[in-house]
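**Student:** The following file, model22.pdb, comprises PDB, C-alpha atoms:
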ATOM      1  CA  MET P 287       0.000   0.000   0.000
ATOM      2  CA  GLY P 288       3.016   2.278   0.086
ATOM      3  CA  SER P 289       3.560   4.724   2.907
ATOM      4  CA  GLU P 290       0.345   6.694   2.466
ATOM      5  CA  ASN P 291      -1.094   7.832   5.773
ATOM      6  CA  TRP P 292      -3.773   9.978   4.230
ATOM      7  CA  TYR P 293      -6.420   8.946   6.730
ATOM      8  CA  MET P 294      -4.344   9.317   9.869
ATOM      9  CA  ASP P 295      -6.195  12.486  10.868
ATOM     10  CA  PRO P 296      -6.718  12.075  14.646
ATOM     11  CA  GLY P 297     -10.154  13.639  14.299
ATOM     12  CA  LEU P 298     -11.218  10.689  12.175
ATOM     13  CA  LEU P 299      -9.421   7.970  14.095
ATOM     14  CA  CYS P 300     -12.032   6.150  16.069
ATOM     15  CA  PHE P 301     -13.229   2.576  16.146
ATOM     16  CA  ASP P 302     -16.007   1.398  13.895
ATOM     17  CA  PHE P 303     -18.302   1.051  16.903
ATOM     18  CA  CYS P 304     -17.847   4.787  17.585
ATOM     19  CA  HIS P 305     -18.598   5.730  13.990
ATOM     20  CA  GLN P 306     -22.118   6.161  12.815
ATOM     21  CA  VAL P 307     -21.407   3.729   9.993
ATOM     22  CA  GLN P 308     -24.156   3.279   7.487
ATOM     23  CA  GLY P 309     -24.820   1.243   4.376
ATOM     24  CA  THR P 310     -26.526   2.306   1.160
ATOM     25  CA  ILE P 311     -29.006  -0.571   0.770
ATOM     26  CA  PHE P 312     -31.868  -1.108   3.209
ATOM     27  CA  PRO P 313     -34.866  -3.446   3.331
ATOM     28  CA  ALA P 314     -37.557  -2.257   0.920
ATOM     29  CA  PRO P 315     -40.870  -1.286   2.537
ATOM     30  CA  ASN P 316     -44.044  -3.063   1.403
ATOM     31  CA  PHE P 317     -41.886  -5.928   0.182
ATOM     32  CA  ASN P 318     -43.598  -8.650  -1.865
ATOM     33  CA  PRO P 319     -41.184 -11.455  -2.858
ATOM     34  CA  VAL P 320     -43.741 -13.210  -5.066
ATOM     35  CA  MET P 321     -44.408 -10.069  -7.091
ATOM     36  CA  ASP P 322     -40.658  -9.380  -7.383
ATOM     37  CA  ALA P 323     -40.019 -12.967  -8.513
ATOM     38  CA  GLN P 324     -42.751 -12.615 -11.131
ATOM     39  CA  ILE P 325     -41.256  -9.362 -12.448
ATOM     40  CA  LEU P 326     -37.772 -10.911 -12.579
ATOM     41  CA  GLY P 327     -39.176 -13.936 -14.402
ATOM     42  CA  GLY P 328     -40.690 -11.656 -17.027
ATOM     43  CA  ALA P 329     -37.508  -9.618 -17.303
ATOM     44  CA  LEU P 330     -35.363 -12.718 -17.808
ATOM     45  CA  GLN P 331     -37.693 -14.685 -20.071
ATOM     46  CA  GLY P 332     -38.486 -12.006 -22.627
ATOM     47  CA  PHE P 333     -36.979 -11.908 -26.106
ATOM     48  CA  GLU P 334     -34.528  -9.317 -24.822
ATOM     49  CA  CYS P 335     -33.592  -9.344 -21.150
ATOM     50  CA  ASN P 336     -34.897  -6.242 -19.353
ATOM     51  CA  LYS P 337     -31.739  -5.230 -17.489
ATOM     52  CA  ASP P 338     -33.251  -2.047 -16.073
ATOM     53  CA  LEU P 339     -35.880  -4.074 -14.235
ATOM     54  CA  LEU P 340     -33.187  -6.365 -12.807
ATOM     55  CA  ILE P 341     -31.303  -3.332 -11.494
ATOM     56  CA  ASP P 342     -34.463  -1.720 -10.103
ATOM     57  CA  ILE P 343     -35.331  -4.788  -8.055
ATOM     58  CA  LEU P 344     -32.033  -6.395  -7.031
ATOM     59  CA  THR P 345     -30.236  -3.192  -5.991
ATOM     60  CA  GLN P 346     -33.259  -1.894  -4.064
ATOM     61  CA  ARG P 347     -33.781  -4.938  -1.823
ATOM     62  CA  SER P 348     -31.737  -6.084   1.155
ATOM     63  CA  ASN P 349     -29.819  -9.339   0.878
ATOM     64  CA  ALA P 350     -32.318 -11.116   3.135
ATOM     65  CA  GLN P 351     -35.124  -9.946   0.833
ATOM     66  CA  ARG P 352     -33.200 -11.171  -2.224
ATOM     67  CA  GLN P 353     -33.002 -14.640  -0.647
ATOM     68  CA  MET P 354     -36.786 -14.609  -0.264
ATOM     69  CA  ILE P 355     -37.165 -13.538  -3.892
ATOM     70  CA  ALA P 356     -34.907 -16.439  -4.959
ATOM     71  CA  GLY P 357     -37.104 -18.841  -2.975
ATOM     72  CA  ALA P 358     -40.280 -17.468  -4.556
ATOM     73  CA  TYR P 359     -38.652 -17.638  -8.004
ATOM     74  CA  GLN P 360     -37.724 -21.300  -7.468
ATOM     75  CA  SER P 361     -41.287 -22.130  -6.376
ATOM     76  CA  MET P 362     -42.824 -20.220  -9.262
ATOM     77  CA  TYR P 363     -40.609 -21.332 -12.142
ATOM     78  CA  GLY P 364     -38.841 -24.424 -10.821
ATOM     79  CA  ARG P 365     -35.531 -22.812 -11.696
ATOM     80  CA  ASP P 366     -32.618 -21.294  -9.816
ATOM     81  CA  LEU P 367     -32.483 -17.493 -10.081
ATOM     82  CA  ILE P 368     -28.682 -17.335  -9.938
ATOM     83  CA  ALA P 369     -28.431 -19.916 -12.737
ATOM     84  CA  ASP P 370     -30.860 -17.911 -14.884
ATOM     85  CA  LEU P 371     -28.951 -14.661 -14.246
ATOM     86  CA  LYS P 372     -25.707 -16.383 -15.249
ATOM     87  CA  GLU P 373     -27.316 -17.723 -18.410
ATOM     88  CA  GLN P 374     -28.976 -14.474 -19.527
ATOM     89  CA  LEU P 375     -26.306 -11.913 -18.578
ATOM     90  CA  SER P 376     -22.673 -11.409 -19.456
ATOM     91  CA  SER P 377     -19.467  -9.668 -18.476
ATOM     92  CA  HIS P 378     -19.210  -7.372 -15.442
ATOM     93  CA  PHE P 379     -22.939  -6.682 -15.308
ATOM     94  CA  LYS P 380     -23.474 -10.408 -14.729
ATOM     95  CA  GLU P 381     -20.865 -10.376 -11.931
ATOM     96  CA  VAL P 382     -22.755  -7.586 -10.162
ATOM     97  CA  MET P 383     -26.221  -9.118 -10.456
ATOM     98  CA  VAL P 384     -25.059 -12.611  -9.496
ATOM     99  CA  GLY P 385     -22.905 -11.219  -6.670
ATOM    100  CA  LEU P 386     -25.928  -9.466  -5.160
ATOM    101  CA  MET P 387     -27.727 -12.812  -4.907
ATOM    102  CA  TYR P 388     -25.187 -14.515  -2.636
ATOM    103  CA  PRO P 389     -25.715 -14.241   1.129
ATOM    104  CA  PRO P 390     -22.733 -12.235   2.523
ATOM    105  CA  PRO P 391     -20.767 -15.237   3.897
ATOM    106  CA  ALA P 392     -21.306 -17.135   0.638
ATOM    107  CA  TYR P 393     -20.163 -14.092  -1.343
ATOM    108  CA  ASP P 394     -16.923 -13.873   0.674
ATOM    109  CA  ALA P 395     -16.419 -17.614   0.181
ATOM    110  CA  HIS P 396     -17.046 -17.247  -3.563
ATOM    111  CA  GLU P 397     -14.489 -14.443  -3.846
ATOM    112  CA  LEU P 398     -11.847 -16.335  -1.847
ATOM    113  CA  TRP P 399     -12.388 -19.499  -3.874
ATOM    114  CA  HIS P 400     -11.912 -17.653  -7.155
ATOM    115  CA  ALA P 401      -8.886 -15.817  -5.726
ATOM    116  CA  MET P 402      -7.140 -19.152  -5.145
ATOM    117  CA  LYS P 403      -8.353 -21.529  -7.840
ATOM    118  CA  GLY P 404      -6.687 -21.797 -11.223
ATOM    119  CA  ALA P 405      -3.329 -20.358 -12.188
ATOM    120  CA  GLY P 406      -1.968 -17.806  -9.740
ATOM    121  CA  THR P 407      -3.423 -16.424  -6.540
ATOM    122  CA  ASP P 408      -5.099 -13.035  -6.076
ATOM    123  CA  GLU P 409      -3.299 -12.060  -2.873
ATOM    124  CA  ASN P 410      -4.962  -8.644  -2.788
ATOM    125  CA  CYS P 411      -8.381 -10.269  -2.498
ATOM    126  CA  LEU P 412      -7.184 -12.480   0.377
ATOM    127  CA  ILE P 413      -5.738  -9.437   2.149
ATOM    128  CA  GLU P 414      -8.824  -7.273   1.673
ATOM    129  CA  ILE P 415     -11.289  -9.874   2.949
ATOM    130  CA  LEU P 416      -9.352 -11.476   5.791
ATOM    131  CA  ALA P 417      -7.921  -8.224   7.193
ATOM    132  CA  SER P 418     -11.351  -6.586   7.410
ATOM    133  CA  ARG P 419     -13.868  -9.196   8.557
ATOM    134  CA  THR P 420     -15.103  -9.710  12.111
ATOM    135  CA  ASN P 421     -14.844 -13.009  14.006
ATOM    136  CA  GLY P 422     -18.487 -13.771  13.254
ATOM    137  CA  GLU P 423     -18.088 -12.998   9.558
ATOM    138  CA  ILE P 424     -14.986 -15.206   9.335
ATOM    139  CA  PHE P 425     -16.739 -18.114  11.052
ATOM    140  CA  GLN P 426     -19.722 -17.895   8.676
ATOM    141  CA  MET P 427     -17.394 -17.505   5.678
ATOM    142  CA  ARG P 428     -15.532 -20.711   6.602
ATOM    143  CA  GLU P 429     -18.834 -22.585   6.933
ATOM    144  CA  ALA P 430     -20.072 -21.262   3.575
ATOM    145  CA  TYR P 431     -16.780 -22.161   1.893
ATOM    146  CA  LEU P 432     -17.005 -25.762   3.117
ATOM    147  CA  LEU P 433     -20.659 -25.993   2.095
ATOM    148  CA  GLN P 434     -20.180 -24.501  -1.389
ATOM    149  CA  TYR P 435     -16.867 -26.041  -2.402
ATOM    150  CA  SER P 436     -16.454 -29.087  -0.107
ATOM    151  CA  ASN P 437     -13.033 -27.665   0.731
ATOM    152  CA  ASN P 438     -11.517 -26.406   3.943
ATOM    153  CA  LEU P 439     -10.712 -22.685   3.669
ATOM    154  CA  GLN P 440      -7.713 -22.926   6.008
ATOM    155  CA  GLU P 441      -6.226 -25.802   4.006
ATOM    156  CA  ASP P 442      -6.663 -23.950   0.713
ATOM    157  CA  ILE P 443      -5.012 -20.797   2.093
ATOM    158  CA  TYR P 444      -2.160 -22.906   3.460
ATOM    159  CA  SER P 445      -1.551 -24.577   0.102
ATOM    160  CA  GLU P 446      -1.836 -21.374  -1.976
ATOM    161  CA  THR P 447       0.368 -19.019   0.073
ATOM    162  CA  SER P 448       3.714 -19.154   1.864
ATOM    163  CA  GLY P 449       6.000 -17.678   4.517
ATOM    164  CA  HIS P 450       4.940 -15.141   7.124
ATOM    165  CA  PHE P 451       2.206 -13.931   4.772
ATOM    166  CA  ARG P 452       0.650 -17.401   5.035
ATOM    167  CA  ASP P 453       1.147 -17.524   8.817
ATOM    168  CA  THR P 454      -0.682 -14.204   9.228
ATOM    169  CA  LEU P 455      -3.579 -15.239   6.956
ATOM    170  CA  MET P 456      -3.835 -18.550   8.827
ATOM    171  CA  ASN P 457      -4.049 -16.641  12.096
ATOM    172  CA  LEU P 458      -6.743 -14.274  10.775
ATOM    173  CA  VAL P 459      -8.877 -17.079   9.349
ATOM    174  CA  GLN P 460      -9.153 -18.644  12.823
ATOM    175  CA  GLY P 461     -11.398 -15.706  13.778
ATOM    176  CA  ASN P 462      -9.990 -15.652  17.304
ATOM    177  CA  ARG P 463      -9.509 -11.927  17.828
ATOM    178  CA  GLU P 464     -10.327 -10.720  21.338
ATOM    179  CA  GLU P 465     -13.455  -8.571  21.325
ATOM    180  CA  GLY P 466     -14.232  -5.332  23.134
ATOM    181  CA  TYR P 467     -11.472  -5.740  25.695
ATOM    182  CA  ALA P 468      -8.668  -3.265  26.408
ATOM    183  CA  ASP P 469      -5.899  -3.506  29.018
ATOM    184  CA  PRO P 470      -4.011  -0.191  29.163
ATOM    185  CA  SER P 471      -1.315  -1.736  31.361
ATOM    186  CA  MET P 472      -0.386  -4.134  28.517
ATOM    187  CA  ALA P 473      -0.401  -1.557  25.712
ATOM    188  CA  ALA P 474       3.147  -0.264  26.269
ATOM    189  CA  GLN P 475       4.475  -3.826  26.479
ATOM    190  CA  ASP P 476       2.760  -4.826  23.214
ATOM    191  CA  ALA P 477       4.012  -1.639  21.550
ATOM    192  CA  MET P 478       7.552  -2.484  22.639
ATOM    193  CA  VAL P 479       7.234  -5.943  21.075
ATOM    194  CA  LEU P 480       6.063  -4.339  17.802
ATOM    195  CA  TRP P 481       8.933  -1.839  17.910
ATOM    196  CA  GLU P 482      11.477  -4.623  18.468
ATOM    197  CA  ALA P 483       9.887  -6.612  15.628
ATOM    198  CA  CYS P 484      10.502  -3.653  13.307
ATOM    199  CA  GLN P 485      14.132  -3.393  14.476
ATOM    200  CA  GLN P 486      15.118  -7.064  14.591
ATOM    201  CA  LYS P 487      13.069  -8.483  11.699
ATOM    202  CA  THR P 488      13.798 -12.113  12.659
ATOM    203  CA  GLY P 489      11.258 -14.840  11.975
ATOM    204  CA  GLU P 490      10.406 -14.926  15.669
ATOM    205  CA  HIS P 491       9.816 -11.176  15.762
ATOM    206  CA  LYS P 492       7.608 -11.326  12.661
ATOM    207  CA  THR P 493       5.539 -14.016  14.370
ATOM    208  CA  MET P 494       5.166 -11.903  17.515
ATOM    209  CA  MET P 495       4.055  -8.924  15.431
ATOM    210  CA  GLN P 496       1.383 -10.814  13.543
ATOM    211  CA  MET P 497       0.163 -12.485  16.751
ATOM    212  CA  ILE P 498      -0.491  -9.075  18.314
ATOM    213  CA  LEU P 499      -2.117  -7.603  15.184
ATOM    214  CA  CYS P 500      -4.308 -10.665  14.550
ATOM    215  CA  ASN P 501      -5.381 -11.518  18.095
ATOM    216  CA  LYS P 502      -5.676  -8.339  20.166
ATOM    217  CA  SER P 503      -9.001  -6.507  20.237
ATOM    218  CA  TYR P 504      -9.512  -3.324  18.233
ATOM    219  CA  PRO P 505      -9.706  -1.157  21.403
ATOM    220  CA  GLN P 506      -6.475  -2.715  22.684
ATOM    221  CA  LEU P 507      -4.693  -2.177  19.372
ATOM    222  CA  TRP P 508      -5.746   1.464  19.320
ATOM    223  CA  LEU P 509      -3.929   1.922  22.654
ATOM    224  CA  VAL P 510      -0.950  -0.063  21.349
ATOM    225  CA  PHE P 511      -0.691   2.147  18.240
ATOM    226  CA  GLN P 512      -0.639   5.279  20.420
ATOM    227  CA  GLU P 513       2.075   3.777  22.624
ATOM    228  CA  PHE P 514       4.054   2.750  19.539
ATOM    229  CA  GLN P 515       3.996   6.339  18.305
ATOM    230  CA  ASN P 516       5.250   7.506  21.728
ATOM    231  CA  ILE P 517       8.066   4.952  21.819
ATOM    232  CA  SER P 518       9.272   5.192  18.220
ATOM    233  CA  GLY P 519       8.270   8.682  17.102
ATOM    234  CA  GLN P 520       6.582   7.281  14.001
ATOM    235  CA  SER P 521       3.316   5.579  13.108
ATOM    236  CA  LEU P 522       3.186   1.802  13.004
ATOM    237  CA  VAL P 523       2.235   1.928   9.306
ATOM    238  CA  ASP P 524       5.390   3.914   8.474
ATOM    239  CA  ALA P 525       7.488   1.538  10.574
ATOM    240  CA  ILE P 526       6.042  -1.542   8.832
ATOM    241  CA  ASN P 527       6.610   0.034   5.419
ATOM    242  CA  ASP P 528      10.221   0.809   6.367
ATOM    243  CA  CYS P 529      10.947  -2.659   7.754
ATOM    244  CA  TYR P 530       9.069  -5.134   5.598
ATOM    245  CA  ASP P 531       8.002  -5.653   2.012
ATOM    246  CA  GLY P 532       5.858  -7.867  -0.170
ATOM    247  CA  TYR P 533       2.444  -9.254   0.673
ATOM    248  CA  PHE P 534       3.378  -9.696   4.357
ATOM    249  CA  GLN P 535       3.906  -5.948   4.633
ATOM    250  CA  GLU P 536       0.700  -5.187   2.695
ATOM    251  CA  LEU P 537      -1.325  -7.488   4.952
ATOM    252  CA  LEU P 538       0.049  -5.978   8.174
ATOM    253  CA  VAL P 539      -0.680  -2.453   6.916
ATOM    254  CA  ALA P 540      -4.215  -3.487   5.896
ATOM    255  CA  ILE P 541      -4.881  -4.847   9.403
ATOM    256  CA  VAL P 542      -3.656  -1.604  10.997
ATOM    257  CA  HIS P 543      -5.769   0.523   8.660
ATOM    258  CA  CYS P 544      -8.872  -1.589   9.349
ATOM    259  CA  VAL P 545      -8.368  -1.156  13.099
ATOM    260  CA  GLN P 546      -8.033   2.614  12.695
ATOM    261  CA  ASP P 547     -10.931   3.236  10.312
ATOM    262  CA  LYS P 548     -12.360   0.455   8.185
ATOM    263  CA  ALA P 549     -14.400   2.793   5.998
ATOM    264  CA  SER P 550     -11.266   4.781   5.120
ATOM    265  CA  TYR P 551      -9.451   1.561   4.291
ATOM    266  CA  PHE P 552     -12.136   0.609   1.793
ATOM    267  CA  ALA P 553     -12.286   4.143   0.371
ATOM    268  CA  TYR P 554      -8.561   3.925  -0.324
ATOM    269  CA  LYS P 555      -8.899   0.439  -1.855
ATOM    270  CA  LEU P 556     -11.647   1.743  -4.154
ATOM    271  CA  TYR P 557      -9.631   4.780  -5.156
ATOM    272  CA  ARG P 558      -6.631   2.648  -6.064
ATOM    273  CA  ALA P 559      -8.796   0.108  -7.888
ATOM    274  CA  ILE P 560     -10.358   2.895  -9.959
ATOM    275  CA  HIS P 561      -7.344   5.130 -10.567
ATOM    276  CA  ASP P 562      -4.182   3.052 -10.189
ATOM    277  CA  PHE P 563      -5.306  -0.173 -11.807
ATOM    278  CA  GLY P 564      -7.367   1.117 -14.730
ATOM    279  CA  PHE P 565     -10.684   0.392 -13.005
ATOM    280  CA  HIS P 566     -10.029  -3.013 -11.453
ATOM    281  CA  ASN P 567     -13.574  -4.315 -11.868
ATOM    282  CA  LYS P 568     -13.375  -7.265  -9.476
ATOM    283  CA  THR P 569     -12.214  -5.096  -6.575
ATOM    284  CA  VAL P 570     -14.794  -2.358  -7.209
ATOM    285  CA  ILE P 571     -17.646  -4.871  -7.528
ATOM    286  CA  ARG P 572     -16.556  -6.851  -4.468
ATOM    287  CA  ILE P 573     -16.277  -3.839  -2.146
ATOM    288  CA  LEU P 574     -19.555  -2.238  -3.283
ATOM    289  CA  ILE P 575     -21.510  -5.462  -2.831
ATOM    290  CA  ALA P 576     -19.825  -6.638   0.382
ATOM    291  CA  ARG P 577     -20.119  -3.284   2.162
ATOM    292  CA  SER P 578     -23.497  -2.168   0.754
ATOM    293  CA  GLU P 579     -25.458  -2.994   3.915
ATOM    294  CA  ILE P 580     -22.629  -2.323   6.381
ATOM    295  CA  ASP P 581     -20.760   0.935   5.761
ATOM    296  CA  LEU P 582     -20.825   1.899   2.082
ATOM    297  CA  MET P 583     -22.429   5.277   2.810
ATOM    298  CA  THR P 584     -19.594   5.963   5.273
ATOM    299  CA  ILE P 585     -17.047   4.781   2.691
ATOM    300  CA  ARG P 586     -18.560   7.259   0.207
ATOM    301  CA  LYS P 587     -18.103  10.073   2.746
ATOM    302  CA  ARG P 588     -14.477   9.126   3.398
ATOM    303  CA  TYR P 589     -13.839   8.918  -0.338
ATOM    304  CA  LYS P 590     -15.181  12.435  -0.948
ATOM    305  CA  GLU P 591     -13.311  13.858   2.057
ATOM    306  CA  ARG P 592      -9.983  12.444   0.950
ATOM    307  CA  PHE P 593     -10.067  12.637  -2.826
ATOM    308  CA  GLY P 594     -12.277  15.631  -3.573
ATOM    309  CA  LYS P 595     -14.357  13.792  -6.181
ATOM    310  CA  SER P 596     -17.207  11.532  -5.143
ATOM    311  CA  LEU P 597     -17.226   7.773  -5.653
ATOM    312  CA  PHE P 598     -20.372   8.278  -7.731
ATOM    313  CA  HIS P 599     -18.459  10.671 -10.016
ATOM    314  CA  ASP P 600     -15.497   8.326 -10.464
ATOM    315  CA  ILE P 601     -17.619   5.279 -11.223
ATOM    316  CA  LYS P 602     -19.604   7.326 -13.751
ATOM    317  CA  ASN P 603     -16.345   8.335 -15.437
ATOM    318  CA  PHE P 604     -14.932   4.834 -15.755
ATOM    319  CA  ALA P 605     -17.877   2.430 -16.151
ATOM    320  CA  SER P 606     -20.638   2.453 -18.755
ATOM    321  CA  GLY P 607     -23.980   0.986 -19.751
ATOM    322  CA  HIS P 608     -26.016  -1.203 -17.429
ATOM    323  CA  TYR P 609     -22.858  -2.096 -15.537
ATOM    324  CA  GLU P 610     -22.454   1.573 -14.629
ATOM    325  CA  LYS P 611     -26.163   1.857 -13.727
ATOM    326  CA  ALA P 612     -25.945  -1.149 -11.416
ATOM    327  CA  LEU P 613     -22.819   0.124  -9.616
ATOM    328  CA  LEU P 614     -24.312   3.594  -9.197
ATOM    329  CA  ALA P 615     -27.538   2.101  -7.836
ATOM    330  CA  ILE P 616     -25.575   0.159  -5.190
ATOM    331  CA  CYS P 617     -23.493   3.254  -4.470
ATOM    332  CA  ALA P 618     -26.800   5.124  -4.077
ATOM    333  CA  GLY P 619     -25.251   8.315  -5.365
ATOM    334  CA  ASP P 620     -27.312  11.185  -6.659
ATOM    335  CA  VAL P 621     -26.896  14.448  -8.546
ATOM    336  CA  GLU P 622     -25.735  16.308  -5.423
ATOM    337  CA  ASP P 623     -23.054  13.679  -4.948
ATOM    338  CA  TYR P 624     -21.665  14.248  -8.428
TER     339      TYR P 624
END
Please express the file's structure as structure tokens.
**Tutor:**
Amino acid sequence: MGSENWYMDPGLLCFDFCHQVQGTIFPAPNFNPVMDAQILGGALQGFECNKDLLIDILTQRSNAQRQMIAGAYQSMYGRDLIADLKEQLSSHFKEVMVGLMYPPPAYDAHELWHAMKGAGTDENCLIEILASRTNGEIFQMREAYLLQYSNNLQEDIYSETSGHFRDTLMNLVQGNREEGYADPSMAAQDAMVLWEACQQKTGEHKTMMQMILCNKSYPQLWLVFQEFQNISGQSLVDAINDCYDGYFQELLVAIVHCVQDKASYFAYKLYRAIHDFGFHNKTVIRILIARSEIDLMTIRKRYKERFGKSLFHDIKNFASGHYEKALLAICAGDVEDY
């Protein structure tokens, strides 16, 4: 991630449970899954697929409502809605519409599976998902992965990665982070361990660093980061960037950023995906869908604060057609946001 500390403003540094985080997609009022299923059936069965109708329904319903629509669709037509979407749609628009239909744990599992199967591994996807998910989300993701692919997520990560990067991912995927607990008396000691790990850089020190970052609670780590700054005179992110490199370094920095402000982390990931990687579709789609009911509205605010232009504006500039319409609908931008 480089040495960017653009969201280290102390005024913004607060835990996610202090933030008024907000998504962009909410349950639709007066919801009728049977009527929605009927409309989708008509949209998909016509001579030419009515993509606008698909967008209008699937981006304006919560995930739980979409699952009910899928059930009604199956009862009504005897067919699987995801299978029909895959058959009728193509390219990135298909990825968005199909992605919306997965329950959140299944969507994470789907993304991780595709990040590891076939030639090469998408390390950035592994980092983004595993550094940012809660214990509960990780547990459900592991269950979904086993159910969907008859594979063990931990075993697949172990076989597809290596070194301290692998060790850190394996620690995160346990979902054993302490929750809601802070011990100020331990913060200075933990900070000292992190400082030594940046100085010594031995295998043992790397292990100690990742153990602290993967297992301590967010409130505890916030105290540790403050103590680290006091001890070393620099932020932990700068120290990690100075001391380490490769995917291990990127993963450690991602964990720190998620502790400090998860919405800012995702805003930065979106900005890079749009501007530095020539609109990296998979990353943009994954973040918009995965965060749509959690904190996407907050991510939009962080994006505008830090980059001047709105997320809505940047998506409009880089995407087109129904793909653009679908992304903008999830983003829930409007003219004022342009």
**Student:** Any chance you could resolve the PyMOL selection byres ((chain P and resi 481) around 9) against this file and give the residues as a PyMOL selection string?
**Tutor:** chain P and resi 476-480+482-486+495+514+517-518+522+525
**Student:** Find the residue from P:Leu538, P:Ala395, P:Val510, P:Ile415 that sits nearest to P:Tyr435; use only C-alpha atoms when measuring.
**Tutor:**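 Nearest candidate to P:Tyr435 out of P:Leu538, P:Ala395, P:Val510, P:Ile415: P:Ala395.
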**Student:** Which residue, P:Glu536, P:Asp562, P:Asp322, P:Asp366, has the smallest gap to P:Cys411 when you use all atoms listed in the file?
**Tutor:**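 Ranked by minimum distance to P:Cys411, first place goes to P:Glu536.
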**Student:** Starting from the point (-36.4, 0.9, 1.4), work out which residues of protein, DNA or RNA have an atom no more than 12 Å away when counting all atoms listed in the file; state them as a list in words.
**Tutor:**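 So the residues meeting the distance criterion are Gly309, Thr310, Ile311, Phe312, Pro313, Ala314, Pro315, Asn316, Phe317, Asp342, Ile343, Leu344, Thr345, Gln346, Arg347, Ser348, Gln351, Glu579 and Ala618 of chain P.
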**Student:** Where does the PyMOL selection byres ((chain P and resi 359) around 9) land in this file, that is, which residues does it pick, as a list in words?
**Tutor:**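 Residues picked by the PyMOL selection byres ((chain P and resi 359) around 9): Pro319, Val320, Asp322, Ala323, Gln324, Leu326, Gly327, Met354, Ile355, Ala356, Gly357, Ala358, Gln360, Ser361, Met362, Tyr363, Gly364, Arg365, Asp366 and Leu367 of chain P.
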**Student:** Determine the nearest neighbour of P:Gly489 from the options P:Arg463, P:His450, P:Arg572, P:Lys587, counting only C-alpha atoms.
**Tutor:**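 Closest to P:Gly489 of all the choices is P:His450.
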